[in-house]
>>> print(open('my_file_27.txt').read())   # compact mmCIF, C-alpha atoms
# COMPACT_ATOMS: atom_id res chain seq x y z
CA VAL O 12 148.93 148.57 95.43
CA ALA O 13 150.58 145.13 95.50
CA GLY O 14 148.44 143.75 98.32
CA GLY O 15 145.17 144.95 96.86
CA SER O 16 146.10 143.91 93.32
CA GLY O 17 146.78 140.34 94.41
CA VAL O 18 143.21 139.99 95.66
CA LEU O 19 141.76 141.66 92.55
CA ALA O 20 143.81 139.39 90.27
CA ALA O 21 142.54 136.28 92.06
CA GLY O 22 138.94 137.47 91.78
CA ALA O 23 139.42 138.17 88.09
CA GLN O 24 141.03 134.75 87.63
CA LEU O 25 138.08 132.97 89.26
CA THR O 26 135.47 134.93 87.29
CA GLY O 27 137.08 134.84 83.84
CA ARG O 28 138.01 138.53 83.53
CA GLU O 29 141.23 138.05 81.58
CA VAL O 30 142.21 141.69 81.03
CA LEU O 31 141.59 142.63 84.65
CA ARG O 32 143.53 139.56 85.79
CA ARG O 33 146.49 140.47 83.60
CA ASN O 34 146.55 144.13 84.60
CA ALA O 35 146.14 143.42 88.30
CA ARG O 36 148.88 140.79 88.22
CA LEU O 37 151.35 143.02 86.39
CA GLY O 38 150.47 146.03 88.53
CA GLY O 39 150.94 144.04 91.70
CA LEU O 40 154.23 142.58 90.49
CA ALA O 41 155.58 146.02 89.54
CA ALA O 42 154.52 147.48 92.87
CA ALA O 43 156.10 144.63 94.82
CA GLY O 44 159.30 145.05 92.82
CA LEU O 45 159.46 148.77 93.58
CA GLY O 46 158.66 148.05 97.22
CA GLY O 47 161.47 145.52 97.41
CA VAL O 48 163.92 148.02 95.95
CA ALA O 49 162.77 150.68 98.42
CA LEU O 50 163.11 148.23 101.33
CA ILE O 51 166.66 147.29 100.34
CA ALA O 52 167.50 151.00 99.96
CA ASP O 53 166.25 151.61 103.51
CA LEU O 54 168.28 148.70 104.85
CA GLY O 55 171.37 150.06 103.12
CA ARG O 56 172.72 146.80 101.64
CA PRO O 57 170.97 143.93 99.79
CA ASP O 58 172.50 141.30 102.08
CA ARG O 59 170.58 142.74 105.03
CA PHE O 60 167.35 141.74 103.30
CA TYR O 61 168.69 138.23 102.62
CA ASN O 62 169.72 137.94 106.27
CA MET O 63 166.13 138.67 107.33
CA LEU O 64 165.17 135.40 105.64
CA ARG O 65 167.62 133.37 107.71
CA THR O 66 165.14 133.37 110.59
CA PHE O 67 161.36 133.14 110.99
CA LYS O 68 160.44 135.15 114.05
CA VAL O 69 156.71 135.67 114.62
CA SER O 70 157.31 138.38 117.22
CA SER O 71 159.36 140.48 114.76
CA PRO O 72 157.32 142.59 112.30
CA MET O 73 160.44 143.05 110.17
CA SER O 74 161.04 139.29 109.95
CA MET O 75 157.41 138.56 109.17
CA GLY O 76 157.23 141.42 106.67
CA SER O 77 160.26 140.12 104.80
CA TRP O 78 158.72 136.65 104.52
CA ILE O 79 155.33 138.07 103.49
CA LEU O 80 156.91 140.20 100.76
CA THR O 81 158.97 137.24 99.56
CA GLY O 82 155.99 134.87 99.56
CA TYR O 83 153.85 137.32 97.62
CA SER O 84 156.63 138.08 95.14
CA VAL O 85 157.17 134.39 94.31
CA GLY O 86 153.53 133.83 93.38
CA ALA O 87 153.16 137.20 91.68
CA GLY O 88 156.39 136.63 89.76
CA VAL O 89 155.28 133.28 88.36
CA ALA O 90 151.81 134.56 87.45
CA GLY O 91 153.26 137.76 86.00
CA ALA O 92 155.77 135.83 83.91
CA ALA O 93 152.94 133.80 82.39
CA GLU O 94 151.08 136.99 81.53
CA ILE O 95 154.18 138.53 79.94
CA ASP O 96 154.75 135.35 77.93
CA ARG O 97 151.19 135.57 76.57
CA LEU O 98 151.60 139.26 75.76
CA SER O 99 154.79 138.47 73.81
CA GLY O 100 153.04 135.77 71.78
CA ASP O 101 154.91 132.95 73.59
CA ARG O 102 158.25 134.43 72.58
CA LEU O 103 160.00 134.34 75.95
CA PRO O 104 162.98 131.94 75.81
CA LEU O 105 161.39 129.41 78.17
CA GLY O 106 161.79 126.27 76.07
CA PRO O 107 160.44 123.17 77.86
CA LEU O 108 159.57 125.27 80.92
CA ARG O 109 156.63 126.99 79.15
CA PRO O 110 154.10 124.19 79.80
CA VAL O 111 155.24 124.04 83.42
CA LEU O 112 154.86 127.80 83.83
CA HIS O 113 151.32 127.84 82.48
CA ALA O 114 150.37 124.76 84.50
CA VAL O 115 151.37 126.32 87.83
CA GLU O 116 150.20 129.84 86.91
CA PRO O 117 146.67 129.57 88.42
CA TRP O 118 148.03 128.23 91.70
CA ALA O 119 150.70 130.92 91.79
CA GLY O 120 148.01 133.59 91.40
CA LEU O 121 146.06 132.16 94.34
CA GLU O 122 149.24 131.87 96.41
CA ALA O 123 149.95 135.56 95.82
CA ALA O 124 146.36 136.37 96.83
CA ALA O 125 146.84 134.50 100.12
CA PHE O 126 149.78 136.76 100.97
CA SER O 127 148.02 139.92 99.78
CA PRO O 128 146.07 140.94 102.94
CA PRO O 129 149.13 140.54 105.20
CA LEU O 130 151.20 142.45 102.63
CA ALA O 131 148.69 145.31 102.73
CA SER O 132 148.75 145.54 106.53
CA TYR O 133 152.19 144.55 107.79
CA THR O 134 153.62 148.02 107.15
CA GLU O 135 151.22 149.33 109.81
CA VAL O 136 152.63 146.83 112.29
CA LEU O 137 156.14 148.01 111.47
CA LEU O 138 155.10 151.59 112.24
CA SER O 139 153.10 150.97 115.41
CA ASP O 140 155.58 148.51 116.94
CA THR O 141 157.76 151.47 117.90
CA ALA O 142 157.85 154.11 120.64
CA ASN O 143 156.64 156.73 118.16
CA PRO O 144 153.73 158.47 119.95
CA THR O 145 151.34 158.77 117.00
CA TRP O 146 151.95 155.42 115.36
CA ASN O 147 151.94 153.48 118.62
CA ASP O 148 148.78 155.16 119.89
CA ALA O 149 146.96 154.27 116.65
CA HIS O 150 148.00 150.61 116.63
CA ARG O 151 144.53 149.15 117.33
CA HIS O 152 142.87 150.71 114.29
CA LEU O 153 145.64 151.66 111.87
CA PRO O 154 145.61 148.18 110.20
CA PHE O 155 142.03 148.78 109.05
CA VAL O 156 143.02 152.18 107.67
CA PHE O 157 145.95 150.71 105.76
CA VAL O 158 143.98 147.77 104.33
CA SER O 159 141.22 150.12 103.15
CA SER O 160 143.87 152.39 101.68
CA ALA O 161 145.49 149.45 99.88
CA THR O 162 142.12 148.52 98.40
CA LEU O 163 141.61 152.07 97.16
CA ALA O 164 145.02 152.06 95.49
CA ALA O 165 144.56 148.70 93.77
CA CYS O 166 141.03 149.53 92.60
CA GLY O 167 142.25 152.89 91.32
CA LEU O 168 145.03 151.33 89.26
CA ALA O 169 142.67 148.69 87.86
CA MET O 170 140.13 151.33 86.82
CA ILE O 171 142.84 153.30 85.02
CA THR O 172 144.26 150.33 83.13
CA THR O 173 141.24 148.10 82.46
CA PRO O 174 138.18 148.54 80.19
CA THR O 175 134.97 149.26 82.06
CA ARG O 176 133.30 146.07 80.80
CA GLU O 177 135.44 144.10 83.29
CA THR O 178 135.60 146.51 86.24
CA GLY O 179 132.08 146.28 87.65
CA PRO O 180 133.22 144.40 90.80
CA VAL O 181 136.21 146.76 91.11
CA ARG O 182 133.94 149.81 91.17
CA ALA O 183 131.73 148.24 93.82
CA LEU O 184 134.76 147.28 95.91
CA ALA O 185 136.16 150.80 95.56
CA ALA O 186 132.92 152.30 96.93
CA ILE O 187 133.01 149.89 99.90
CA ALA O 188 136.69 150.68 100.51
CA VAL O 189 135.97 154.43 100.57
CA VAL O 190 133.45 153.92 103.37
CA GLY O 191 135.87 151.63 105.17
CA ASP O 192 138.73 154.10 104.81
CA ILE O 193 136.80 157.11 106.12
CA VAL O 194 135.11 155.20 108.97
CA ALA O 195 138.32 153.46 110.03
CA THR O 196 140.18 156.77 110.11
CA LYS O 197 137.48 158.43 112.24
CA VAL O 198 137.37 155.47 114.64
CA MET O 199 141.16 155.51 114.90
CA GLU O 200 141.22 159.21 115.72
CA HIS O 201 138.44 158.79 118.31
CA GLY O 202 140.40 156.05 120.06
CA MET O 203 143.66 157.99 120.31
CA ASP O 204 144.88 160.20 123.10
CA PRO O 205 143.36 163.70 122.68
CA THR O 206 146.79 165.28 122.71
CA VAL O 207 148.57 162.88 120.36
CA VAL O 208 145.73 162.91 117.83
CA GLU O 209 146.51 166.58 117.17
CA THR O 210 149.42 165.43 114.98
CA LEU O 211 146.89 164.02 112.49
CA HIS O 212 145.02 167.30 112.25
CA HIS O 213 147.75 169.93 112.06
CA GLY O 214 150.48 170.88 109.59
CA THR O 215 151.36 168.81 106.55
CA ALA O 216 149.83 165.63 107.97
CA GLY O 217 146.50 167.36 108.55
CA ARG O 218 146.43 168.74 105.02
CA LEU O 219 147.31 165.37 103.51
CA LEU O 220 144.69 163.47 105.49
CA ARG O 221 141.95 166.00 104.73
CA THR O 222 142.90 165.82 101.05
CA ALA O 223 142.84 162.02 101.21
CA GLU O 224 139.30 162.02 102.62
CA ARG O 225 138.02 164.38 99.91
CA LEU O 226 139.76 162.51 97.09
CA ALA O 227 138.43 159.19 98.36
CA ALA O 228 134.87 160.50 98.54
CA VAL O 229 135.07 162.02 95.06
CA GLY O 230 136.75 158.95 93.54
CA GLY O 231 134.35 156.51 95.17
CA GLY O 232 131.31 158.50 94.10
CA ALA O 233 132.57 158.80 90.54
CA ALA O 234 133.35 155.08 90.40
CA LEU O 235 129.93 154.13 91.70
CA PHE O 236 127.77 156.48 89.66
CA GLY O 237 129.82 157.23 86.54
CA GLY O 238 132.30 154.36 86.37
CA ARG O 239 130.76 152.82 83.25
CA LEU O 240 132.22 155.73 81.26
CA ARG O 241 135.92 155.18 80.54
CA PRO O 242 137.09 158.78 81.16
CA VAL O 243 135.15 158.97 84.44
CA ALA O 244 136.51 155.60 85.55
CA ALA O 245 140.09 156.65 84.81
CA ALA O 246 139.66 159.96 86.64
CA ALA O 247 138.14 158.14 89.61
CA GLY O 248 141.08 155.74 89.59
CA VAL O 249 143.58 158.61 89.74
CA ALA O 250 141.65 160.14 92.65
CA LEU O 251 141.64 156.84 94.57
CA LEU O 252 145.36 156.26 94.00
CA ALA O 253 146.10 159.82 95.18
CA ALA O 254 143.84 159.38 98.21
CA SER O 255 145.72 156.25 99.23
CA ALA O 256 149.10 157.96 98.83
CA CYS O 257 147.95 160.99 100.85
CA THR O 258 146.75 158.71 103.65
CA ARG O 259 150.07 156.87 103.90
CA PHE O 260 152.23 159.98 103.76
CA GLY O 261 149.88 161.81 106.14
CA VAL O 262 150.20 159.09 108.78
CA PHE O 263 153.94 158.94 108.20
CA ASP O 264 154.38 162.70 108.55
CA ALA O 265 152.22 162.83 111.69
CA GLY O 266 154.51 160.29 113.32
CA ILE O 267 157.63 162.23 112.37
CA GLU O 268 156.17 165.44 113.85
CA SER O 269 155.14 163.67 117.05
CA VAL O 270 158.75 162.93 117.99
CA LYS O 271 159.85 166.53 117.47
CA ASP O 272 157.60 168.05 120.16
CA PRO O 273 158.02 166.97 123.83
CA ARG O 274 154.31 167.68 124.34
CA TYR O 275 153.48 164.43 122.54
>>> encode(input="my_file_27.txt", output="structure tokens")
Amino acid sequence: VAGGSGVLAAGAQLTGREVLRRNARLGGLAAAGLGGVALIADLGRPDRFYNMLRTFKVSSPMSMGSWILTGYSVGAGVAGAAEIDRLSGDRLPLGPLRPVLHAVEPWAGLEAAAFSPPLASYTEVLLSDTANPTWNDAHRHLPFVFVSSATLAACGLAMITTPTRETGPVRALAAIAVVGDIVATKVMEHGMDPTVVETLHHGTAGRLLRTAERLAAVGGGAALFGGRLRPVAAAAGVALLAASACTRFGVFDAGIESVKDPRY
């Protein structure tokens, strides 16, 4: 959600779609905040996250991911603060910093957008840079699956929160992302070992990934053909968000199952 929303917010900023820009910025900021909390919870202590920023190691997905998340959060935080200040009627206690905030806001939005594609894909690198049979075997194509999934999630949230008069490009992007998501998943499965790929088709992972494909197709079709109607657009957005979540948890669960069975 955060990675995709950063790109949507920049597009809205450059094309004068103020409501879409605001909603995408705030959605991306909230998602990045929740992601940061989840990351620190996984690490166990906050200082372990700070320690990741003491080095810049290109060969370490965890090091790069920490810097990518931080870089995105800085830009998204500044842009989001400006949006919150406008929503409050310039009532935030910023004092002389208000003109500075609004002066750097456009550049902060573009800075967040620059970090958005890496933010959407680095989690795949974290997964596949392991000895886990499923994740490692999918490493060539899983980034495309995750980026398409991130686009679905961000487009879905934007369609739920934003009036249809501003979401024409979002609906078109959602339809493209659906095709990308389904094609990338099929190509990934075709390129995997015939034995290991079974983990994506069986059990909970199989059910989640089949559900993701159906939800994506339904949501993309609804966005493309009925997205000018607010209720249809919102329903399509929910379907796209759910499709993205099912994809991520399906891939995650397949990897967990692959280490439980010696056959894989």
>>> residues_around(input="my_file_27.txt", residues="region 130-133 of chain O", least_positions_apart="5", cutoff="12 Å", atoms="all atoms listed in the file", output="PyMOL selection string")
chain O and resi 12-18+39+42-43+46-47+71-84+123-125+138-140+150+152-165+255+259
>>> closest_residue(input="my_file_27.txt", among="O:Thr172, O:Thr222, O:Ser127, O:Thr206", to="Gly86 (chain O)", atoms="all atoms listed in the file")
O:Ser127
>>> residues_around(input="my_file_27.txt", residues="region 262-270 of chain O", least_positions_apart="4", cutoff="12 Å", atoms="all atoms listed in the file", output="tab-separated table (two decimals) with C-alpha atoms, keeping the file's coordinate frame")
chain	number	residue	atom	x	y	z
O	134	THR	CA	153.62	148.02	107.15
O	135	GLU	CA	151.22	149.33	109.81
O	137	LEU	CA	156.14	148.01	111.47
O	138	LEU	CA	155.10	151.59	112.24
O	139	SER	CA	153.10	150.97	115.41
O	141	THR	CA	157.76	151.47	117.90
O	142	ALA	CA	157.85	154.11	120.64
O	143	ASN	CA	156.64	156.73	118.16
O	144	PRO	CA	153.73	158.47	119.95
O	145	THR	CA	151.34	158.77	117.00
O	146	TRP	CA	151.95	155.42	115.36
O	147	ASN	CA	151.94	153.48	118.62
O	148	ASP	CA	148.78	155.16	119.89
O	149	ALA	CA	146.96	154.27	116.65
O	150	HIS	CA	148.00	150.61	116.63
O	153	LEU	CA	145.64	151.66	111.87
O	154	PRO	CA	145.61	148.18	110.20
O	156	VAL	CA	143.02	152.18	107.67
O	157	PHE	CA	145.95	150.71	105.76
O	160	SER	CA	143.87	152.39	101.68
O	196	THR	CA	140.18	156.77	110.11
O	199	MET	CA	141.16	155.51	114.90
O	200	GLU	CA	141.22	159.21	115.72
O	206	THR	CA	146.79	165.28	122.71
O	207	VAL	CA	148.57	162.88	120.36
O	208	VAL	CA	145.73	162.91	117.83
O	209	GLU	CA	146.51	166.58	117.17
O	210	THR	CA	149.42	165.43	114.98
O	211	LEU	CA	146.89	164.02	112.49
O	212	HIS	CA	145.02	167.30	112.25
O	213	HIS	CA	147.75	169.93	112.06
O	214	GLY	CA	150.48	170.88	109.59
O	215	THR	CA	151.36	168.81	106.55
O	216	ALA	CA	149.83	165.63	107.97
O	217	GLY	CA	146.50	167.36	108.55
O	218	ARG	CA	146.43	168.74	105.02
O	219	LEU	CA	147.31	165.37	103.51
O	220	LEU	CA	144.69	163.47	105.49
O	221	ARG	CA	141.95	166.00	104.73
O	223	ALA	CA	142.84	162.02	101.21
O	255	SER	CA	145.72	156.25	99.23
O	256	ALA	CA	149.10	157.96	98.83
O	257	CYS	CA	147.95	160.99	100.85
O	258	THR	CA	146.75	158.71	103.65
O	274	ARG	CA	154.31	167.68	124.34
O	275	TYR	CA	153.48	164.43	122.54
>>> closest_atom_pairs(input="my_file_27.txt", of="region 217-239 of chain O", to="region 173-177 of chain O", cutoff="12 Å", atoms="all atoms listed in the file", output="tab-separated table")
residue	atom	partner	partner_atom	distance
O:Ala234	CA	O:Thr175	CA	10.3
O:Leu235	CA	O:Thr175	CA	11.9
O:Gly237	CA	O:Thr175	CA	10.5
O:Gly238	CA	O:Thr175	CA	7.2
O:Arg239	CA	O:Thr175	CA	5.6
>>> atom_distance(input="my_file_27.txt", atom1="CA of His201 (chain O)", atom2="CA of Gly261 (chain O)")
17.0 Å
>>> residues_around(input="my_file_27.txt", residues="Ala227 (chain O)", least_positions_apart="5", cutoff="9 Å", atoms="only C-alpha atoms", output="PyMOL selection string")
chain O and resi 163+186+188-190+192-193+222+232+247+250-255
>>> residues_near_point(input="my_file_27.txt", point="(140.6, 133.2, 91.1)", cutoff="9 Å", atoms="all atoms listed in the file", output="PyMOL selection string")
chain O and resi 18-27+32+117-118+120-121+124
>>> atom_distance(input="my_file_27.txt", atom1="CA of Leu168 (chain O)", atom2="CA of Ile187 (chain O)")
16.1 Å
>>> residues_around(input="my_file_27.txt", residues="Gly248 (chain O)", least_positions_apart="4", cutoff="6 Å", atoms="all atoms listed in the file", output="VMD selection string")
chain O and resid 167 to 168 170 to 171
>>> atom_distance(input="my_file_27.txt", atom1="CA of Leu45 (chain O)", atom2="CA of Phe260 (chain O)")
16.8 Å
>>> closest_residue(input="my_file_27.txt", among="O:Gly44, O:Thr178, O:Cys166, O:Glu224", to="Lys197 (chain O)", atoms="only C-alpha atoms")
O:Glu224
>>> closest_residue(input="my_file_27.txt", among="O:Pro180, O:Arg151, O:Ile51, O:Val229", to="Ala195 (chain O)", atoms="all atoms listed in the file")
O:Arg151
>>> closest_residue(input="my_file_27.txt", among="O:Leu226, O:Ala114, O:Met203, O:Ala244", to="Val89 (chain O)", atoms="all atoms listed in the file")
O:Ala114
